[in-house]
Every structure is written in C-alpha cells, then in structure tokens.
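Reading through the structure tokens given below for one structure.
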Amino acid sequence: MQLFHRTRWAALCALLLALDCMHFTQTRIATIDSFPVLFMMLMFMLMARWMQMSFYHQRLRDTLVPLALSGACMGLAIASKWIGCYGAVGLAILFFARFYSLWRQSVYAGAHRDEQPAFARAANLFARNGALTIAACCVFFVAVPVIIYVLSYIPYLRYYGEIKWNLRTFERIWSAQVTMFEYHKNLVAEHYFASPWYEWPLIVKPMWYYSADFKGAGMASSIMAFGNPAVWWTGLAAILFVLFYSVWRNALPALRAIPGREDEYDRALPVIAVAFLSGYVPWMLVSRLTFIYHYFASVPWIIAATAQALRYLERRRPRMAHVLAVLLVILAAVLFVGFYPLASGLEVPRAWCDAMSWFKNWMWY
C-alpha cells in the first residue's frame, strides 16, 4: 500500500507472498531468515514513506518518525542476521538519492524565490532541515542499530555469568564478530544442494531439508525450500523490466542523460530496484558455498516488481492487467497446492511427487 496506494496491488503482493512455497517452508520451520526478511521489508517500507514526504511541506519532526522507525528495523534485521547489512546499503542509497532531490528542489526554489512565497520558504529551509535530518540519521542509522545489535548479545553473554558492561564484555562481543566473519570467509566445503546466485531465480536446485521414505506403501514425505514457479518465474521477468525501466525513468534523468518527468507511477521503481539489488548483488561477490534460500530476502521484491509491471499495463489496458493478475493468483494457488506435500512434509502417494518433479533430480523424496 505504501508503494502502490491501491488495494488491488497490495492484495496481489500479499497473496503471491502467501502462496510462495519458500516463504511457507522457511517461516513454518522457523528458520532465522524469516526475521531479517520481515525487518528488511519494514525498513524499506518506512524509507519509502519518508521518500514520499518533504520537510518543505510537512513538519520536520513528522518526517523524522519514519526514519527513526526504519533505523530501528534496520538494527533488528542486522541483529537477526548479517544480511541486514546488505539492506542497510540499499537504505543509504535511497536516502541520499532522495536527499539529493530535496537539495535540487532548494536550488530551483532559490533561483525562483521571487515568484512565490513557497519557493522562498523552501530555499531558506534546506540548510536547517537538511542538517537536522542528517544529524538525526546519524542517531537513527548508526547509534540505534549498534545499541540494538549489542543488546541482542545478552543471551550469549549470560553464558559467562552476570553481565557487566565493561571492556571485557565488549571484547567478547567483538571476538564473536571476528569468529563469525573468519568462519564464512575461510569456509571450504561442498554440498550437493549448493547452488550459485544465477540459478536461484530459475529454481534450478531446491534445498532439501527432510524426507521420510515409505516405498513399501507407495508413499513419500519431504520438506524442500524452493519457489513457486508462478511467483518466481513471473517475478524474474518483472524484476528485469523494473530494473531496466528504473534506469530509464530514474537513473538517466538524474544524470541528465535524458529529460526527466515526474510520474507517481514511477515512485515505486527505485525502492523496488534498490531493495532487490541490495539483497541479491552481494551474493554475487561471495565465494563461499551458497544455497537457494539466500534468495529469500529478494522474493518480496520480485513480487512487488510483478505488481508494478501490471500497474503500468493497467494504464493502457486495465482489463488485461486485471485479468492477468487474477490468472496469476489462480495459477500460483494451483501450484502451491500441487507442491504443498514437497514443501510441508505431508505424506502423499509417490505418484503425486513424481508428477510435481518436472525436471531430472529436481525434487527429493
């Protein structure tokens, strides 16, 4: 709703996320990934809220509220899992891009301050409100996340006895960071279900968690992490469209390579594009073993991209856009039911699993 301001597209996103097999599996077995993904969605939503505000037209303190909440959610995401740091980079890009546009507005207002009182007011406000916003963000996005992260180690510190906030305590916390970093940096291992980042959107190799074989009875039970093809494959096409169109509509105008145009339909583009890239691109640089569930943080954004692409279609062919949205939900629901036994561990006839294993060695049961 914050991105699209229309119930139908917010509902489409919610339904597609609910019908995604990986979302179901990861949250049902309570993997830690569920929590950072939730907080990352929240922190980007709150940043999007701030980007739709302006300290020229609203009280400064009102514009700081979504920033404060976004910083708190960022701290919770990082405290849950380090992938929150990837999202933090995306937040910084969105913040400074919007801040730059506010500065551009002040420059324009300053050049035309005699035309309208509002221009003179905007030209005079930027230095004060901009400085206060930057100062507040140093608290919201640096101090607060650090405090949240340190406090998240309380259960860990209790192992050593009574918690005393002294130098020794902070040395233990820092030592834990070094240990974790060195583990991931130096990890050399092989795993049959490992898959590189470029295979994830295509669901080339699902991640197997559990199976119980009842061959004698002709039954099988399995739990695997993989995407709903209707959601992921449609989302792949949609996110590619959003990325390329975002460059055309946002990046190139900012660089003055092409003329810019203000369009409310485009305001969701940078949020979707940056949020997706900040959760996906870092994995391209990771040399250690990776798995398809590392794509989990990107799934909400390919879903948002799907809604965004249909919104553009709605402008020219509303009936077609609405029909396609309904058909997509129906297809996703049908496939969710079909793949449910392989995502949930439900005991079903092996013939059912055979029918849903579309490619060689795709599903394990």
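Residues in the structure tokens are numbered from 1 in each chain, the chains being A, B, ... in the order shown, and ligands are numbered from 1 in the order shown.
Residue neighbourhood of Phe276 in chain A, excluding near-sequence residues (fewer than 2 positions): Ala273, Val274, Ser278, Gly279, Ser298 and Trp301 of chain A, at 6 Å, using only C-alpha atoms.
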Backbone DSSP call of alpha helix (DSSP H) for range 42-281 of chain A, listed as a ChimeraX atom specification: /A:42-51,60-80,83-111,117-138,144-151,154-157,167-186,229-246,252-254,268-281
query: Can you list, as a PyMOL selection string, every protein, DNA or RNA residue that comes within 10 Å of Phe55 in chain A when you count only C-alpha atoms, leaving out same-chain residues fewer than 3 positions away?
result: chain A and resi 50+58-64+102+122+125-126+129-130+133
query: When DSSP works through the backbone of this structure, what residues of range 88-265 of chain A end up as strand (DSSP E), shown as a VMD selection string?
result: chain A and resid 207 to 214 219 to 225
Would you output that residue set with N, CA, C and O atoms, as an mmCIF file, in the first residue's frame?
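Contents of part_30.cif, freshly written:
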data_model
loop_
_atom_site.group_PDB
_atom_site.id
_atom_site.type_symbol
_atom_site.label_atom_id
_atom_site.label_comp_id
_atom_site.auth_asym_id
_atom_site.auth_seq_id
_atom_site.Cartn_x
_atom_site.Cartn_y
_atom_site.Cartn_z
ATOM 1 N N MET A 207 16.503 -26.645 -2.162
ATOM 2 C CA MET A 207 17.265 -27.091 -0.987
ATOM 3 C C MET A 207 16.457 -28.127 -0.234
ATOM 4 O O MET A 207 15.320 -27.878 0.167
ATOM 5 N N TRP A 208 17.057 -29.304 -0.028
ATOM 6 C CA TRP A 208 16.361 -30.403 0.641
ATOM 7 C C TRP A 208 16.615 -30.333 2.143
ATOM 8 O O TRP A 208 17.748 -30.209 2.585
ATOM 9 N N TYR A 209 15.535 -30.405 2.947
ATOM 10 C CA TYR A 209 15.642 -30.355 4.407
ATOM 11 C C TYR A 209 15.326 -31.697 5.070
ATOM 12 O O TYR A 209 15.925 -32.064 6.074
ATOM 13 N N TYR A 210 14.350 -32.427 4.533
ATOM 14 C CA TYR A 210 13.875 -33.634 5.230
ATOM 15 C C TYR A 210 13.137 -34.526 4.249
ATOM 16 O O TYR A 210 12.484 -34.047 3.321
ATOM 17 N N SER A 211 13.227 -35.830 4.471
ATOM 18 C CA SER A 211 12.372 -36.768 3.744
ATOM 19 C C SER A 211 12.204 -38.036 4.564
ATOM 20 O O SER A 211 13.082 -38.402 5.353
ATOM 21 N N ALA A 212 11.063 -38.665 4.400
ATOM 22 C CA ALA A 212 10.786 -39.962 5.015
ATOM 23 C C ALA A 212 10.203 -40.836 3.923
ATOM 24 O O ALA A 212 9.172 -40.492 3.324
ATOM 25 N N ASP A 213 10.894 -41.939 3.627
ATOM 26 C CA ASP A 213 10.515 -42.783 2.503
ATOM 27 C C ASP A 213 9.650 -43.947 2.969
ATOM 28 O O ASP A 213 10.002 -44.654 3.912
ATOM 29 N N PHE A 214 8.523 -44.113 2.320
ATOM 30 C CA PHE A 214 7.629 -45.232 2.609
ATOM 31 C C PHE A 214 7.370 -45.979 1.305
ATOM 32 O O PHE A 214 6.223 -46.096 0.849
ATOM 33 N N MET A 219 4.266 -44.434 -0.560
ATOM 34 C CA MET A 219 4.068 -43.079 -0.057
ATOM 35 C C MET A 219 5.414 -42.378 0.124
ATOM 36 O O MET A 219 6.469 -43.017 0.175
ATOM 37 N N ALA A 220 5.367 -41.046 0.240
ATOM 38 C CA ALA A 220 6.589 -40.263 0.446
ATOM 39 C C ALA A 220 6.263 -39.010 1.237
ATOM 40 O O ALA A 220 5.120 -38.528 1.239
ATOM 41 N N SER A 221 7.290 -38.479 1.923
ATOM 42 C CA SER A 221 7.153 -37.241 2.691
ATOM 43 C C SER A 221 8.460 -36.462 2.556
ATOM 44 O O SER A 221 9.544 -37.033 2.707
ATOM 45 N N SER A 222 8.366 -35.174 2.258
ATOM 46 C CA SER A 222 9.579 -34.392 2.033
ATOM 47 C C SER A 222 9.336 -32.934 2.387
ATOM 48 O O SER A 222 8.214 -32.430 2.292
ATOM 49 N N ILE A 223 10.428 -32.257 2.802
ATOM 50 C CA ILE A 223 10.398 -30.805 3.016
ATOM 51 C C ILE A 223 11.564 -30.210 2.236
ATOM 52 O O ILE A 223 12.718 -30.546 2.488
ATOM 53 N N MET A 224 11.227 -29.321 1.306
ATOM 54 C CA MET A 224 12.246 -28.680 0.491
ATOM 55 C C MET A 224 11.967 -27.183 0.424
ATOM 56 O O MET A 224 10.823 -26.739 0.503
ATOM 57 N N ALA A 225 13.037 -26.400 0.262
ATOM 58 C CA ALA A 225 12.907 -24.952 0.100
ATOM 59 C C ALA A 225 13.076 -24.621 -1.378
ATOM 60 O O ALA A 225 14.133 -24.846 -1.956
#
message: as an MDAnalysis selection string, please: the residues near Ala118 in chain A (cut-off 12 Å, only C-alpha atoms, same-chain neighbours under 6 positions excluded).
response: chainID A and resid 56:57 105:106 108:110 112 124:125
Near Ile83 in chain A, within 10 Å and counting only C-alpha atoms, which residues show up once chain neighbours fewer than 6 positions away are dropped, as a PDB file with N, CA and C atoms, in the first residue's frame?
ATOM      1  N   ASP A  33      16.050 -16.832   8.886  1.00  0.00           N
ATOM      2  CA  ASP A  33      15.880 -15.930   7.742  1.00  0.00           C
ATOM      3  C   ASP A  33      14.537 -15.200   7.774  1.00  0.00           C
ATOM      4  N   PRO A  36      15.012 -11.515   9.668  1.00  0.00           N
ATOM      5  CA  PRO A  36      15.627 -10.396   8.941  1.00  0.00           C
ATOM      6  C   PRO A  36      14.840  -9.983   7.711  1.00  0.00           C
ATOM      7  N   VAL A  37      14.208 -10.952   7.029  1.00  0.00           N
ATOM      8  CA  VAL A  37      13.406 -10.606   5.854  1.00  0.00           C
ATOM      9  C   VAL A  37      12.228  -9.722   6.254  1.00  0.00           C
ATOM     10  N   MET A  40      13.635  -6.302   7.121  1.00  0.00           N
ATOM     11  CA  MET A  40      14.107  -5.608   5.921  1.00  0.00           C
ATOM     12  C   MET A  40      12.928  -5.061   5.117  1.00  0.00           C
ATOM     13  N   ALA A  77      17.065  -6.130  11.920  1.00  0.00           N
ATOM     14  CA  ALA A  77      17.421  -7.016  10.811  1.00  0.00           C
ATOM     15  C   ALA A  77      18.870  -7.481  10.932  1.00  0.00           C
ATOM     16  N   SER A 278      20.083  -4.743  -3.412  1.00  0.00           N
ATOM     17  CA  SER A 278      20.869  -4.760  -2.175  1.00  0.00           C
ATOM     18  C   SER A 278      20.815  -6.121  -1.488  1.00  0.00           C
ATOM     19  N   GLY A 279      19.762  -6.891  -1.738  1.00  0.00           N
ATOM     20  CA  GLY A 279      19.687  -8.225  -1.155  1.00  0.00           C
ATOM     21  C   GLY A 279      20.243  -9.317  -2.040  1.00  0.00           C
ATOM     22  N   TYR A 280      20.459  -8.999  -3.314  1.00  0.00           N
ATOM     23  CA  TYR A 280      20.863 -10.027  -4.273  1.00  0.00           C
ATOM     24  C   TYR A 280      22.308  -9.875  -4.751  1.00  0.00           C
ATOM     25  N   PRO A 282      25.093  -8.617  -3.409  1.00  0.00           N
ATOM     26  CA  PRO A 282      26.203  -9.047  -2.556  1.00  0.00           C
ATOM     27  C   PRO A 282      26.526 -10.530  -2.658  1.00  0.00           C
ATOM     28  N   TRP A 283      25.514 -11.363  -2.951  1.00  0.00           N
ATOM     29  CA  TRP A 283      25.769 -12.797  -3.055  1.00  0.00           C
ATOM     30  C   TRP A 283      26.579 -13.137  -4.302  1.00  0.00           C
ATOM     31  N   HIS A 294      19.163 -18.323   0.136  1.00  0.00           N
ATOM     32  CA  HIS A 294      19.740 -16.987   0.234  1.00  0.00           C
ATOM     33  C   HIS A 294      18.991 -15.982  -0.648  1.00  0.00           C
ATOM     34  N   ALA A 297      15.378 -13.195   0.753  1.00  0.00           N
ATOM     35  CA  ALA A 297      15.216 -11.758   1.008  1.00  0.00           C
ATOM     36  C   ALA A 297      14.854 -10.985  -0.253  1.00  0.00           C
TER      37      ALA A 297
END
- prompt: Quick one: of A:Tyr340, A:Trp232, A:Trp174, A:Tyr293, who's nearest to Ala194 in chain A, counting only C-alpha atoms?
  reply: A:Tyr293
query: From the set A:Ile173, A:Tyr365, A:Leu335, A:Val329, which residue has the shortest atom-to-atom contact distance to Leu12 in chain A, counting only C-alpha atoms?
result: A:Val329
Spatial neighbours of range 16-23 of chain A, max dist 7 Å, only C-alpha atoms, sep filter under 4 positions, as number ranges by chain: A: 12, 27, 225-228, 231, 300, 303, 329, 332-333, 336, 343
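Among the candidates A:Val281, A:Ile147, A:Ala355, A:Ala217, the one nearest to Tyr295 in chain A when counting only C-alpha atoms is A:Val281.
Residues surrounding range 238-245 of chain A within 10 Å are Trp232, Ala251, Asp266, Ala268, Leu269, Pro270, Ile272, Ala273, Val274, Phe276, Leu277, Trp301, Ile302, Ile303, Ala304, Ala305, Thr306, Ala307, Gln308, Ala309 and Leu310 of chain A [only C-alpha atoms; sequence separation below 6 positions excluded].
One distance worth recording is that between CA of Arg319 in chain A and CA of Trp9 in chain A, which is 14.2 Å.
The nearest approach to Glu171 in chain A among the residues A:Val150, A:Met1, A:Ile29, A:Ala10, with only C-alpha atoms taken into account, belongs to A:Val150.
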